[in-house]
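Shown below: coords.txt, with compact mmCIF, C-alpha atoms.
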```txt
# COMPACT_ATOMS: atom_id res chain seq x y z
CA MET A 3 -8.96 14.17 19.10
CA ILE A 4 -10.91 11.63 17.05
CA ARG A 5 -12.48 14.43 14.99
CA SER A 6 -9.00 15.84 14.31
CA ILE A 7 -7.78 12.43 13.15
CA LEU A 8 -10.79 12.12 10.84
CA SER A 9 -10.09 15.58 9.40
CA LEU A 10 -6.48 14.57 8.76
CA ILE A 11 -7.61 11.39 6.98
CA LEU A 12 -9.94 13.41 4.76
CA CYS A 13 -7.27 16.01 3.99
CA LEU A 14 -4.78 13.31 2.99
CA SER A 15 -7.48 11.72 0.80
CA ALA A 16 -8.10 15.06 -0.91
CA PHE A 17 -4.34 15.56 -1.45
CA THR A 18 -4.15 12.18 -3.18
CA LEU A 19 -7.02 13.15 -5.48
CA HIS A 20 -5.31 16.39 -6.50
CA ALA A 21 -2.24 14.41 -7.53
CA GLU A 22 -4.16 12.21 -9.94
CA ASP A 23 -3.85 12.61 -13.68
CA LYS A 24 -7.03 14.33 -14.83
CA GLY A 25 -6.17 14.63 -18.52
CA ASP A 26 -6.41 11.07 -19.82
CA GLY A 27 -9.59 11.53 -21.86
CA LYS A 28 -11.68 9.31 -19.61
CA LEU A 29 -15.00 10.29 -18.08
CA ARG A 30 -15.01 11.76 -14.59
CA ILE A 31 -18.04 10.93 -12.49
CA ILE A 32 -18.85 12.14 -8.97
CA VAL A 33 -21.73 10.83 -6.87
CA PHE A 34 -22.95 12.61 -3.75
CA GLY A 35 -24.81 10.71 -1.04
CA ALA A 36 -25.94 12.23 2.22
CA HIS A 37 -24.31 9.53 4.38
CA PRO A 38 -21.55 6.93 4.10
CA ASP A 39 -23.63 4.32 2.28
CA ASP A 40 -26.07 6.34 0.13
CA ALA A 41 -23.91 6.84 -2.96
CA GLU A 42 -22.82 3.21 -2.74
CA TYR A 43 -26.37 1.87 -2.45
CA LYS A 44 -27.71 3.95 -5.32
CA THR A 45 -24.94 3.78 -7.91
CA ALA A 46 -22.35 1.10 -7.11
CA GLY A 47 -23.38 -1.20 -9.97
CA THR A 48 -23.02 1.54 -12.57
CA ALA A 49 -19.86 2.85 -10.89
CA VAL A 50 -18.25 -0.56 -11.30
CA LYS A 51 -19.09 -0.57 -15.02
CA TRP A 52 -17.53 2.85 -15.52
CA ALA A 53 -14.45 1.87 -13.52
CA ARG A 54 -13.95 -1.30 -15.54
CA GLN A 55 -13.65 0.87 -18.66
CA GLY A 56 -11.03 3.04 -16.99
CA HIS A 57 -13.29 5.99 -16.18
CA HIS A 58 -12.82 7.82 -12.87
CA VAL A 59 -15.56 7.58 -10.25
CA LYS A 60 -15.68 9.20 -6.84
CA LEU A 61 -18.38 8.45 -4.26
CA VAL A 62 -18.78 11.31 -1.78
CA SER A 63 -20.54 11.20 1.59
CA VAL A 64 -21.62 14.76 2.36
CA THR A 65 -21.99 14.04 6.09
CA ASN A 66 -19.78 11.81 8.23
CA GLY A 67 -22.58 9.55 9.47
CA ASP A 68 -21.79 10.12 13.14
CA ILE A 69 -25.35 9.48 14.41
CA GLY A 70 -26.24 6.77 11.90
CA HIS A 71 -26.36 3.81 14.27
CA TRP A 72 -28.66 2.58 17.03
CA LYS A 73 -25.82 1.76 19.42
CA GLU A 74 -22.82 3.93 18.46
CA ALA A 75 -22.33 7.63 17.75
CA GLY A 76 -19.83 10.44 17.57
CA GLY A 77 -16.24 10.36 16.41
CA PRO A 78 -15.75 6.59 16.72
CA LEU A 79 -18.76 5.93 14.49
CA ALA A 80 -17.61 8.55 11.97
CA LEU A 81 -14.22 6.86 11.78
CA ARG A 82 -15.83 3.44 11.45
CA ARG A 83 -18.09 4.55 8.61
CA ALA A 84 -15.25 6.33 6.78
CA ALA A 85 -13.29 3.08 6.93
CA GLU A 86 -16.32 1.14 5.68
CA VAL A 87 -16.81 3.27 2.57
CA ALA A 88 -13.06 3.22 1.88
CA ALA A 89 -13.14 -0.60 1.98
CA CYS A 90 -16.26 -0.59 -0.20
CA ALA A 91 -14.62 1.72 -2.74
CA LYS A 92 -11.62 -0.61 -2.94
CA LYS A 93 -13.92 -3.51 -3.82
CA LEU A 94 -15.71 -1.41 -6.44
CA GLY A 95 -12.55 0.01 -8.00
CA VAL A 96 -13.50 3.64 -7.28
CA THR A 97 -12.52 6.49 -4.94
CA SER A 98 -14.35 7.53 -1.77
CA GLN A 99 -14.44 10.78 0.18
CA VAL A 100 -16.27 11.73 3.38
CA LEU A 101 -16.90 15.41 4.14
CA ASP A 102 -16.62 16.36 7.80
CA ILE A 103 -20.19 17.59 8.39
CA HIS A 104 -22.25 16.15 11.24
CA ASP A 105 -24.93 13.63 10.30
CA GLY A 106 -28.39 15.17 10.63
CA GLU A 107 -27.05 18.73 10.54
CA LEU A 108 -26.52 19.41 6.84
CA MET A 109 -27.98 22.74 5.74
CA PRO A 110 -28.23 24.28 2.24
CA SER A 111 -26.02 27.17 3.33
CA LEU A 112 -23.75 29.40 1.29
CA GLU A 113 -20.77 27.71 2.92
CA ASN A 114 -21.94 24.28 1.82
CA ARG A 115 -22.88 25.52 -1.64
CA LYS A 116 -19.29 26.65 -2.04
CA LEU A 117 -18.00 23.37 -0.64
CA ILE A 118 -19.97 21.24 -3.10
CA THR A 119 -18.99 23.57 -5.96
CA ARG A 120 -15.36 23.16 -4.96
CA VAL A 121 -15.51 19.37 -4.78
CA ILE A 122 -17.14 19.12 -8.21
CA ARG A 123 -14.59 21.47 -9.76
CA GLU A 124 -11.62 19.71 -8.19
CA TRP A 125 -12.83 16.41 -9.64
CA LYS A 126 -13.39 18.12 -13.03
CA ALA A 127 -16.64 16.22 -13.29
CA ASP A 128 -18.41 15.29 -16.51
CA ILE A 129 -21.31 13.70 -14.60
CA VAL A 130 -22.66 14.61 -11.15
CA ILE A 131 -25.22 12.40 -9.38
CA ALA A 132 -27.11 12.97 -6.12
CA HIS A 133 -30.44 12.56 -4.34
CA ARG A 134 -33.52 14.39 -5.54
CA PRO A 135 -34.46 17.28 -3.21
CA TRP A 136 -37.60 15.43 -2.05
CA ASP A 137 -36.92 12.75 0.51
CA TYR A 138 -37.77 11.55 4.00
CA HIS A 139 -34.38 12.60 5.41
CA PRO A 140 -33.38 16.29 5.63
CA ASP A 141 -29.76 15.48 4.77
CA HIS A 142 -30.91 13.72 1.58
CA ARG A 143 -33.14 16.67 0.64
CA TYR A 144 -30.42 19.23 1.20
CA VAL A 145 -27.86 17.28 -0.82
CA GLY A 146 -30.38 17.57 -3.67
CA VAL A 147 -30.74 21.31 -3.12
CA LEU A 148 -26.98 21.79 -3.02
CA LEU A 149 -26.66 19.78 -6.22
CA GLN A 150 -29.15 22.08 -7.92
CA ASP A 151 -27.35 25.19 -6.67
CA ALA A 152 -23.97 23.90 -7.82
CA ALA A 153 -25.36 23.01 -11.24
CA PHE A 154 -25.03 26.67 -12.16
CA MET A 155 -22.18 27.80 -9.90
CA VAL A 156 -19.55 25.33 -11.12
CA THR A 157 -19.07 27.41 -14.29
CA VAL A 158 -19.15 30.87 -12.61
CA PRO A 159 -15.56 32.20 -12.31
CA PHE A 160 -15.87 34.48 -9.29
CA ILE A 161 -17.41 32.11 -6.78
CA VAL A 162 -14.79 29.87 -5.14
CA PRO A 163 -12.25 31.77 -7.30
CA ASP A 164 -9.24 29.79 -6.06
CA VAL A 165 -10.45 26.72 -7.99
CA PRO A 166 -10.77 27.13 -11.77
CA PRO A 167 -14.40 26.97 -12.97
CA LEU A 168 -15.45 24.15 -15.22
CA LYS A 169 -15.41 25.14 -18.87
CA LYS A 170 -18.40 22.94 -19.63
CA ASN A 171 -21.36 22.36 -17.37
CA PRO A 172 -21.56 18.69 -16.32
CA VAL A 173 -24.63 16.54 -16.77
CA PHE A 174 -26.38 16.53 -13.39
CA LEU A 175 -28.47 13.50 -12.53
CA TYR A 176 -30.75 12.32 -9.73
CA SER A 177 -30.53 8.80 -8.35
CA SER A 178 -33.73 6.80 -7.98
CA ASP A 179 -36.27 6.99 -5.16
CA GLY A 180 -39.89 6.05 -4.57
CA PHE A 181 -41.33 9.39 -3.48
CA GLN A 182 -44.38 10.60 -5.38
CA LYS A 183 -44.70 14.28 -4.45
CA PRO A 184 -44.23 16.85 -5.84
CA TYR A 185 -43.64 14.44 -8.73
CA PRO A 186 -42.38 10.86 -8.95
CA PHE A 187 -38.90 9.91 -10.04
CA THR A 188 -38.93 9.74 -13.85
CA PRO A 189 -35.75 8.16 -15.22
CA ASP A 190 -34.12 9.11 -18.48
CA ILE A 191 -31.35 6.52 -18.11
CA ALA A 192 -31.51 2.86 -17.09
CA VAL A 193 -28.40 0.73 -16.74
CA SER A 194 -28.27 -3.05 -16.57
CA VAL A 195 -26.06 -4.03 -13.64
CA ASP A 196 -26.42 -7.76 -14.19
CA ASP A 197 -22.70 -8.08 -14.86
CA SER A 198 -21.66 -5.88 -11.91
CA PHE A 199 -24.24 -6.89 -9.31
CA GLU A 200 -22.01 -9.38 -7.52
CA GLN A 201 -19.23 -6.79 -7.29
CA LYS A 202 -21.74 -4.29 -5.93
CA LEU A 203 -22.58 -6.84 -3.23
CA ASP A 204 -18.86 -7.22 -2.51
CA GLY A 205 -18.74 -3.50 -1.81
CA ILE A 206 -21.95 -3.25 0.20
CA HIS A 207 -20.76 -6.20 2.29
CA GLU A 208 -18.11 -3.86 3.71
CA LEU A 209 -20.76 -1.43 5.03
CA THR A 210 -21.32 -3.56 8.12
CA SER A 211 -22.82 -0.88 10.36
CA GLN A 212 -25.57 -0.26 7.82
CA ALA A 213 -25.95 -3.40 5.70
CA TYR A 214 -25.99 -5.87 8.60
CA GLU A 215 -26.62 -3.82 11.75
CA GLY A 216 -29.41 -1.64 10.38
CA GLY A 217 -27.81 1.76 10.96
CA ALA A 218 -29.91 4.24 12.92
CA SER A 219 -33.04 2.11 12.47
CA GLY A 220 -31.50 -1.13 13.70
CA SER A 221 -31.60 -2.75 17.13
CA ALA A 222 -30.07 -5.62 19.06
CA GLU A 223 -33.21 -7.63 18.37
CA TYR A 224 -32.98 -6.96 14.62
CA VAL A 225 -29.35 -8.06 14.46
CA GLU A 226 -30.03 -11.17 16.52
CA LYS A 227 -33.22 -12.33 14.82
CA GLU A 228 -33.00 -11.07 11.24
CA VAL A 229 -29.34 -11.11 10.22
CA PRO A 230 -27.09 -14.17 9.94
CA PRO A 231 -24.11 -14.02 12.31
CA ALA A 232 -20.80 -12.61 11.14
CA SER A 233 -19.27 -16.04 11.68
CA ASP A 234 -21.42 -17.47 8.86
CA GLU A 235 -20.08 -15.62 5.84
CA THR A 236 -21.99 -17.74 3.32
CA ALA A 237 -25.37 -17.18 4.99
CA ARG A 238 -24.67 -13.48 5.40
CA ARG A 239 -23.80 -13.04 1.76
CA ALA A 240 -26.92 -14.98 0.68
CA TRP A 241 -29.08 -12.82 2.96
CA LEU A 242 -27.57 -9.63 1.47
CA LYS A 243 -28.08 -10.90 -2.07
CA ARG A 244 -31.76 -11.65 -1.44
CA ARG A 245 -32.36 -8.14 -0.12
CA TRP A 246 -30.48 -6.33 -2.86
CA GLY A 247 -31.59 -8.69 -5.57
CA ALA A 248 -35.18 -7.80 -4.74
CA ARG A 249 -34.39 -4.07 -4.85
CA GLN A 250 -32.51 -4.09 -8.13
CA SER A 251 -34.88 -6.50 -9.86
CA SER A 252 -37.83 -4.36 -8.78
CA GLU A 253 -36.13 -1.35 -10.38
CA ALA A 254 -35.57 -3.30 -13.58
CA GLU A 255 -39.20 -4.40 -13.75
CA LYS A 256 -40.56 -0.96 -12.97
CA TYR A 257 -38.57 0.65 -15.80
CA ARG A 258 -38.58 -2.26 -18.25
CA ALA A 259 -39.81 -0.09 -21.13
CA LEU A 260 -36.85 2.25 -20.75
CA LEU A 261 -34.41 -0.67 -20.63
CA ILE A 262 -35.90 -2.00 -23.88
CA LYS A 263 -35.67 1.45 -25.47
CA LEU A 264 -31.98 1.74 -24.58
CA TYR A 265 -30.81 -1.87 -25.02
CA GLY A 266 -33.24 -3.15 -27.62
CA GLU A 267 -36.07 -5.64 -27.23
CA GLU A 268 -34.08 -8.82 -26.70
CA LYS A 269 -31.46 -7.55 -24.27
CA GLY A 270 -33.70 -5.04 -22.50
CA SER A 271 -36.29 -7.71 -21.80
CA ALA A 272 -33.66 -9.96 -20.25
CA VAL A 273 -32.16 -7.45 -17.79
CA LYS A 274 -32.50 -8.76 -14.24
CA TYR A 275 -30.97 -5.94 -12.18
CA ALA A 276 -30.94 -2.21 -12.97
CA GLU A 277 -29.97 1.22 -11.65
CA THR A 278 -31.75 4.28 -13.03
CA PHE A 279 -31.15 8.03 -13.21
CA GLU A 280 -33.12 11.17 -14.01
CA VAL A 281 -31.62 14.22 -15.73
CA CYS A 282 -31.65 17.38 -13.60
CA GLU A 283 -32.64 20.20 -15.94
CA TYR A 284 -30.41 22.68 -14.12
CA GLY A 285 -27.24 21.21 -15.61
CA ARG A 286 -26.39 20.35 -19.20
CA ARG A 287 -29.24 18.56 -20.95
CA PRO A 288 -27.74 15.64 -22.84
CA SER A 289 -29.10 14.41 -26.14
CA PRO A 290 -29.87 10.69 -26.54
CA ALA A 291 -26.58 10.34 -28.42
CA GLU A 292 -24.65 12.01 -25.60
CA ILE A 293 -26.31 9.78 -23.01
CA ARG A 294 -24.91 6.80 -24.89
CA GLN A 295 -21.46 8.38 -24.77
CA LEU A 296 -21.67 9.11 -21.05
CA PHE A 297 -23.10 5.65 -20.31
CA PRO A 298 -21.06 3.58 -22.80
CA PHE A 299 -22.65 0.27 -21.87
CA TYR A 300 -25.53 -0.20 -24.30
CA GLY A 301 -23.48 -1.86 -27.01
CA GLU A 302 -21.79 -4.33 -24.66
CA LYS A 303 -22.26 -8.00 -25.40
```
When written as structure tokens, how does the structure in this file appear?
Amino acid sequence: MIRSILSLILCLSAFTLHAEDKGDGKLRIIVFGAHPDDAEYKTAGTAVKWARQGHHVKLVSVTNGDIGHWKEAGGPLALRRAAEVAACAKKLGVTSQVLDIHDGELMPSLENRKLITRVIREWKADIVIAHRPWDYHPDHRYVGVLLQDAAFMVTVPFIVPDVPPLKKNPVFLYSSDGFQKPYPFTPDIAVSVDDSFEQKLDGIHELTSQAYEGGASGSAEYVEKEVPPASDETARRAWLKRRWGARQSSEAEKYRALLIKLYGEEKGSAVKYAETFEVCEYGRRPSPAEIRQLFPFYGEK
């Protein structure tokens, strides 16, 4: 019953998306994460910046996250996590969607290749972002594989023929990670999220099962000893900011040279928080000028 309700929620969400105006000249960006938190963690700061300029951003969870907690599982957890990312998306000013695939069971199958192709086409994406296909989690890896497969198929007319193919191949990008083999993440794009970091925290704050309870790797001891209680909103928010501030500032420092290249010496040197992306060669390969069009933030004051 719970699974049926979740399916109905997702179908209604998809219906709403189809009704949107897709011809307003704004960019259309879609981000795929393996679970209901991945796309938000990796790209929320940049998503906010796009959304503020009126561009359309959708954050997609490819699995429903139904085993992603140390204490809860199944349909109730899937519903909880779908509600969390919906609340997060509202804070970010973007759209969310959760695909009804079991957490931990994603496979790079023909069925899922068609599904991802369909979702990208329906959004009429200009930019597609996902994990690299090298990661500790099989769901993360297979999202990357499916991204690579779709990077060609979205323009092929006779696969998923009921949805019109894209006339122009999107730019496909990988979100950042720290894995070194077979080769380390090598960004082509770095975005300052200094002016959207607090709003990113507002969104992540809604992902309670993951941000504060530790998800599948959490425990009662972790929640009790490490995380401020839910009753102390100020302490909780400060705790979250310390954790994410360290992550985003580390990314800025690691790729400082790229920030300076894109923003100039003065502004690039001053960036505190950053999100970074690598071009997937299987999609369209943007020129430096096109990157500045797709990421229209570098001239901001």
> To one decimal place, how far is atom CA of Gln295 of chain A from atom CA of Asp179 of chain A in Å?
Replying inline: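 Atom-to-atom, atom CA of Gln295 of chain A and atom CA of Asp179 of chain A are spaced 24.6 Å apart.
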>> Between A:Lys126, A:Lys51, A:His71, A:Lys169, which residue has the minimum interatomic distance to Gly220 of chain A, considering all atoms listed in the file?
In response: A:His71
> Quick one, how far is atom CA of Lys183 of chain A from atom CA of Lys256 of chain A?
Replying inline: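 Straight-line distance from atom CA of Lys183 of chain A to atom CA of Lys256 of chain A works out to 17.9 Å.
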> In Å to one decimal, how far is atom CA of Glu228 of chain A from atom CA of Lys274 of chain A?
Replying inline: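 So the two atoms, atom CA of Lys274 of chain A and atom CA of Glu228 of chain A, lie 25.6 Å apart.
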In the coordinates of the file, take the point (-39.1, 13.6, 0.8) and a cut-off of 10 Å; then, counting only C-alpha atoms, name each qualifying protein, DNA or RNA residue as a compact mmCIF listing (two decimals) with C-alpha atoms, in the coordinates of the input.
```
# COMPACT_ATOMS: atom_id res chain seq x y z
CA ARG A 134 -33.52 14.39 -5.54
CA PRO A 135 -34.46 17.28 -3.21
CA TRP A 136 -37.60 15.43 -2.05
CA ASP A 137 -36.92 12.75 0.51
CA TYR A 138 -37.77 11.55 4.00
CA HIS A 139 -34.38 12.60 5.41
CA PRO A 140 -33.38 16.29 5.63
CA HIS A 142 -30.91 13.72 1.58
CA ARG A 143 -33.14 16.67 0.64
CA ASP A 179 -36.27 6.99 -5.16
CA GLY A 180 -39.89 6.05 -4.57
CA PHE A 181 -41.33 9.39 -3.48
CA GLN A 182 -44.38 10.60 -5.38
CA LYS A 183 -44.70 14.28 -4.45
CA PRO A 184 -44.23 16.85 -5.84
```
>> Quick one: residues within 12 Å of Ser177 of chain A, all atoms listed in the file, excluding same-chain residues fewer than 4 positions away - as a ChimeraX atom specification?
In response: /A:33-35,40-46,48,130-137,142,145-146,149,181,187-193,253,276-282
> Skipping near chain neighbours, those fewer than 5 positions away, what residues fall within 10 Å of Phe299 of chain A using only C-alpha atoms, listed as a PyMOL selection string?
Replying inline: chain A and resi 48+51-52+55+193-195+264-265+294
> Taking into account only C-alpha atoms, which residue in the set A:Cys90, A:Leu260, A:Ile103, A:Val225 is nearest to Gly76 of chain A?
Replying inline: A:Ile103
> Of the candidates A:Tyr300, A:Trp72, A:Trp125, A:Tyr257, which shows the shortest atom-to-atom distance to Leu29 of chain A, using all atoms listed in the file?
Replying inline: A:Trp125
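Closest to Ala89 of chain A among A:Val165, A:Arg258, A:Asp39, A:Gly216 is A:Asp39, based on all atoms listed in the file.
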>> Here is a test: counting only C-alpha atoms, which residue of A:Ser219, A:Gln150, A:Ser289, A:Ser63 is nearest to Leu101 of chain A?
In response: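 Closest to Leu101 of chain A, using only C-alpha atoms: A:Ser63.
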> Which polymer residues have any atom within 8 Å of an atom of Val273 of chain A, counting only C-alpha atoms, with same-chain residues fewer than 2 positions away left out, as a list in words?
Replying inline: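 These residues fall inside the cut-off: Ser194, Asp196, Ala254, Leu261, Lys269, Gly270, Ser271, Tyr275 and Ala276 of chain A.
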